[in-house]
Structure formats: C-alpha cells, structure tokens
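Q: Below: one structure in structure tokens.
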Amino acid sequence: MKPVMTLAELQELTPAYDDFAVIENCNIPDYYKTVFPSHCKCGAEIIMTREGRTQLQCCNPCCWIKMAHRMSYFISFHGFKDFGEQTCLSLFSACHDVLPYYSFLSAFSLSDTQLAVGLSDNKISLLHEIKEELQHHAFHFSDAIASLGIPNVGPLSPLFDVVKSPLVLLQYMLQGKTNELCDMAGIQAQSTRFHLRTFDIDVLLLMRDIMPNIMATPKGEVFVAITGKVSVRGQSYTRAEFIDLCESIKDQSGTQLYKLVETKSREKLQYVIADTPSNSDKYQIGRQLGKLITADEFYEVLLSAVQKEETATNEEKEENANGA
Ligand SMILES: [Zn+2]
C-alpha cells in the first residue's frame, strides 16, 4: 500500500481510527497543541484519540520511523545482537526514499552503496550476516509471521488456529481475503484487520526473499508440561534439548511431525513429562489428571506413532504392487 499522509485518507481505508483526530482537533488545552508536533518526520499527520487523548502516533502505516522500529523488533526477535533501534533509525532515515517496496524488509535488498549512506561498514556486514542466517535457517510459521511485528499478531494469535501453512496465508493475502481469514479466526479488532491487510507486502517479501524455509505448523501439536531433569535412552537432556529431540522426528518425506507446546492449562495438557516425582505444580497437576509419563515413554509414544504410519503406507504400497 502507498503511504497515508492524512488522517482523512486513513479513515477512508478503515474504521479503526474513527475515534482519532489530528492534534489541532483533539480535546486538549490549546497550549499543548503547539507542544506536540503536528506532523511526523515522514511528513504525515500526527494523530491521537480525540477524547481519550491516548495513542499518539503518526497516521502513516508505511512511516519510515515505524519501519525502523519494526526492523529492530524483527532482528531482535530472531536473537541477533548489535543491530538495535538506533542503527535501524539511521538506516531508514537515510534510505527510506530508495526502498523498492513499502516494507521494512526491503531494506535487506538495498545495495552496499545505498546502505552506506546510513550505516557503517561494520553494520553493513552485520546486516549481510543476518540476511544469510535467515535464508539458511528453518523457521516455524507462527514465529516467522509474529516476528514481523504486525500489531496484535503474536505467536499465539488466533490466526494460527485457522491457518497452519505459509502458502495458505499467502493465498488469502494475494486474493485480498484477509478479512475472511479474520472472520474465521474471530479477529474482530478493526486495527488488527487493517494491519494484516496493509502488511501483506511484508508477508510476501518474508516468504519470497528473506525466509525461504518457513515450515508449516506440524500436524501434531502436542501440549505438554515438562518438569525436572529428563533422560531418553540413558542420555540426559535439558528441557530445550528434549523438545528439540522430539521435534526432530520426521516422516519418510522429511516433514516434521510434532511440535511440542508447553502449557500449564489443564484443559489443553496432554502429557506431563516427569522422570521423578516432585512437589512441582506441574507434577501435581499431572498426577491429578492421570497424565504423567516419563521422557523415555513419551519419546517412544511419538516414535511408535510414526512407525505405525509408515507400516501402513508400506502395506498400502505392497497391496498396490500386488494388485497391479
Ligand atoms: Zn511517520
């Protein structure tokens, strides 16, 4: 989408800002009207809620200052250091006019010469390293989308209850059907709906250029609680290592089969993994619900489900071969 320079334009696009006004028309003492800047550095009008006098912001969703903040959020979300807010502001302050798309992700496609206007050589090579890492790692779908910093779309957004695959999300976006998606997911907030629609370009660039390895949410989400030290086949694991081990189980085509989701919710819990009794809350909940299992047993349960499936497909193949 194109930059939105005035509140009037923004209000034509979405009802989400109906309660807002430009500073001049806000219900604040006249004195303050000269204290707040009327326009953002990007040139767009500054707005806030007319009566409540909150949510002071620039009215332009493609504001380069907002892009800088989202870039910084994106980079730190993925655990990179030394490329913080100031660096991002300097980058976008210098380069916003030459971005090929109205997306913060297009900063990744700028040339070194373009970047050099806003970044030191050091930071430019850091940006290359970040880009390289992102291109070669695999990411979970919901994490990848959540890292875009779309307001109210975090990793636990109800969006991910209805869409499990990056391609499906992309299809909805390309067909301009994000509102349908929001209806299905029960997302009513107009601003979330508006931002999902507006930032479809970010999703597109993310999948096409930045993170080619986004994995669909695995079929088998398993809700677990893990308590104490665990070991599998005589080897001990930290919680994170154990989760990695379980999530590394793949089927014949190499598709990840399970995603372990840690929860304390009694309604969701399927297993409480504990090798030894303890007084921890998790252990007590597991005991009450009759859902205790050792790490060894749990791992075997996951494996046996894969083996069953594979035997079934092999038998099917044999039958087909025999039938032919
Ligand atoms: Zn702005």
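Identifiers in this document derive from the order of the structure tokens: chains are assigned A, B, ..., residues are numbered from 1 separately in each chain, and ligands are numbered from 1 in order of occurrence.
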Would you pick out the contacts of segment 188-196 of chain A at 9 Å or less, using only C-alpha atoms, so that residues sharing its chain but fewer than 6 positions from it are not included, and give the list as a ChimeraX atom specification?
A: /A:13-17,61,150-153,173,178-179,182
Q: What does the list of residues within 10 Å of ligand 1 look like if you count only C-alpha atoms and all ligand atoms, written as a ChimeraX atom specification?
A: /A:3-5,39-46,57-67
Q: Next, the residues of the selection above should be written as an mmCIF file, in the first residue's frame with C-alpha atoms.
A:
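Heads up, here's the output in again-v2.cif:
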data_model
loop_
_atom_site.group_PDB
_atom_site.id
_atom_site.type_symbol
_atom_site.label_atom_id
_atom_site.label_comp_id
_atom_site.auth_asym_id
_atom_site.auth_seq_id
_atom_site.Cartn_x
_atom_site.Cartn_y
_atom_site.Cartn_z
ATOM 1 C CA PRO A 3 1.924 5.991 2.286
ATOM 2 C CA VAL A 4 -1.048 7.566 4.038
ATOM 3 C CA MET A 5 -0.332 11.212 4.727
ATOM 4 C CA HIS A 39 3.480 16.242 11.540
ATOM 5 C CA CYS A 40 5.788 13.241 11.743
ATOM 6 C CA LYS A 41 9.259 13.318 10.225
ATOM 7 C CA CYS A 42 7.829 11.191 7.422
ATOM 8 C CA GLY A 43 5.524 14.112 6.572
ATOM 9 C CA ALA A 44 2.265 12.515 7.687
ATOM 10 C CA GLU A 45 -0.141 13.926 10.248
ATOM 11 C CA ILE A 46 0.248 13.094 13.928
ATOM 12 C CA GLN A 57 1.094 8.308 16.656
ATOM 13 C CA CYS A 58 1.868 9.063 13.057
ATOM 14 C CA CYS A 59 -1.107 8.256 10.790
ATOM 15 C CA ASN A 60 1.033 6.618 8.125
ATOM 16 C CA PRO A 61 1.284 2.807 8.362
ATOM 17 C CA CYS A 62 4.299 2.971 5.999
ATOM 18 C CA CYS A 63 6.071 5.618 8.095
ATOM 19 C CA TRP A 64 9.813 5.061 7.915
ATOM 20 C CA ILE A 65 10.196 5.552 11.653
ATOM 21 C CA LYS A 66 7.677 2.771 12.249
ATOM 22 C CA MET A 67 9.581 0.664 9.718
#
Q: Considering only C-alpha atoms, can you say which of A:Arg287, A:Lys264, A:Lys250, A:His69 comes closest to Gly149 of chain A?
A: A:His69
Q: Which neighbours of Phe108 of chain A fall inside 9 Å, counting only C-alpha atoms, when residues of the same chain fewer than 4 positions from it are skipped, and could you give them as a list in words?
A: Phe104, Leu127, His128, Lys131, Asp209 and Ile210 of chain A
Q: Take the residues just selected and output them with N, CA and C atoms as a PDB file, in the first residue's frame.
A:
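Printed below is part_24.pdb as written:
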ATOM      1  N   PHE A 104       9.515  -2.720   5.547  1.00  0.00           N
ATOM      2  CA  PHE A 104      10.829  -2.621   6.192  1.00  0.00           C
ATOM      3  C   PHE A 104      11.764  -3.714   5.700  1.00  0.00           C
ATOM      4  N   LEU A 127      24.445  -6.735   8.717  1.00  0.00           N
ATOM      5  CA  LEU A 127      23.159  -6.917   8.042  1.00  0.00           C
ATOM      6  C   LEU A 127      23.227  -8.083   7.046  1.00  0.00           C
ATOM      7  N   HIS A 128      24.366  -8.188   6.356  1.00  0.00           N
ATOM      8  CA  HIS A 128      24.544  -9.312   5.434  1.00  0.00           C
ATOM      9  C   HIS A 128      24.526 -10.639   6.180  1.00  0.00           C
ATOM     10  N   LYS A 131      21.020 -11.521   7.140  1.00  0.00           N
ATOM     11  CA  LYS A 131      20.268 -11.959   5.966  1.00  0.00           C
ATOM     12  C   LYS A 131      20.624 -13.419   5.615  1.00  0.00           C
ATOM     13  N   ASP A 209      11.777 -13.597  -0.192  1.00  0.00           N
ATOM     14  CA  ASP A 209      13.185 -13.173  -0.207  1.00  0.00           C
ATOM     15  C   ASP A 209      13.955 -13.442   1.085  1.00  0.00           C
ATOM     16  N   ILE A 210      13.275 -13.341   2.198  1.00  0.00           N
ATOM     17  CA  ILE A 210      14.021 -13.317   3.461  1.00  0.00           C
ATOM     18  C   ILE A 210      14.127 -14.692   4.108  1.00  0.00           C
TER      19      ILE A 210
END
Q: As a ChimeraX atom specification, please: every residue in segment 49-90 of chain A that DSSP puts in alpha helix (DSSP H).
A: /A:64-77,85-90
Q: Excluding Gly79 of chain A and any residue of its chain fewer than 3 positions from it, enumerate the residues within 12 Å of it, using only C-alpha atoms, and give them as a ChimeraX atom specification.
A: /A:72-76,82-84,130,133-134,147
Q: Give the answer as one residue: which of A:Phe80, A:Phe92, A:Phe20, A:Tyr101 has the shortest atom-to-atom distance to Glu129 of chain A, using only C-alpha atoms?
A: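 Distance minimum relative to Glu129 of chain A lands on A:Phe80.
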Q: If you run DSSP on the backbone here, which positions in segment 142-243 of chain A get strand (DSSP E or B)? Please write them as a PyMOL selection string.
A: chain A and resi 214-215+220-227+230-232+235-237
Q: Do you know which residues are at most 9 Å from Val117 of chain A counting only C-alpha atoms, after dropping those on the same chain fewer than 4 positions away, and could you put them as a list in words?
A: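 In the requested format, the answer is Ser90, Leu91, Ala94, Cys95, Asp112 and Thr113 of chain A.
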Q: Which residue out of A:Ser103, A:Thr54, A:Gln288, A:Thr276 has the minimum interatomic distance to Gly228 of chain A when only C-alpha atoms are used?
A: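 Once distances to Gly228 of chain A are computed over only C-alpha atoms, the minimum belongs to A:Thr276.
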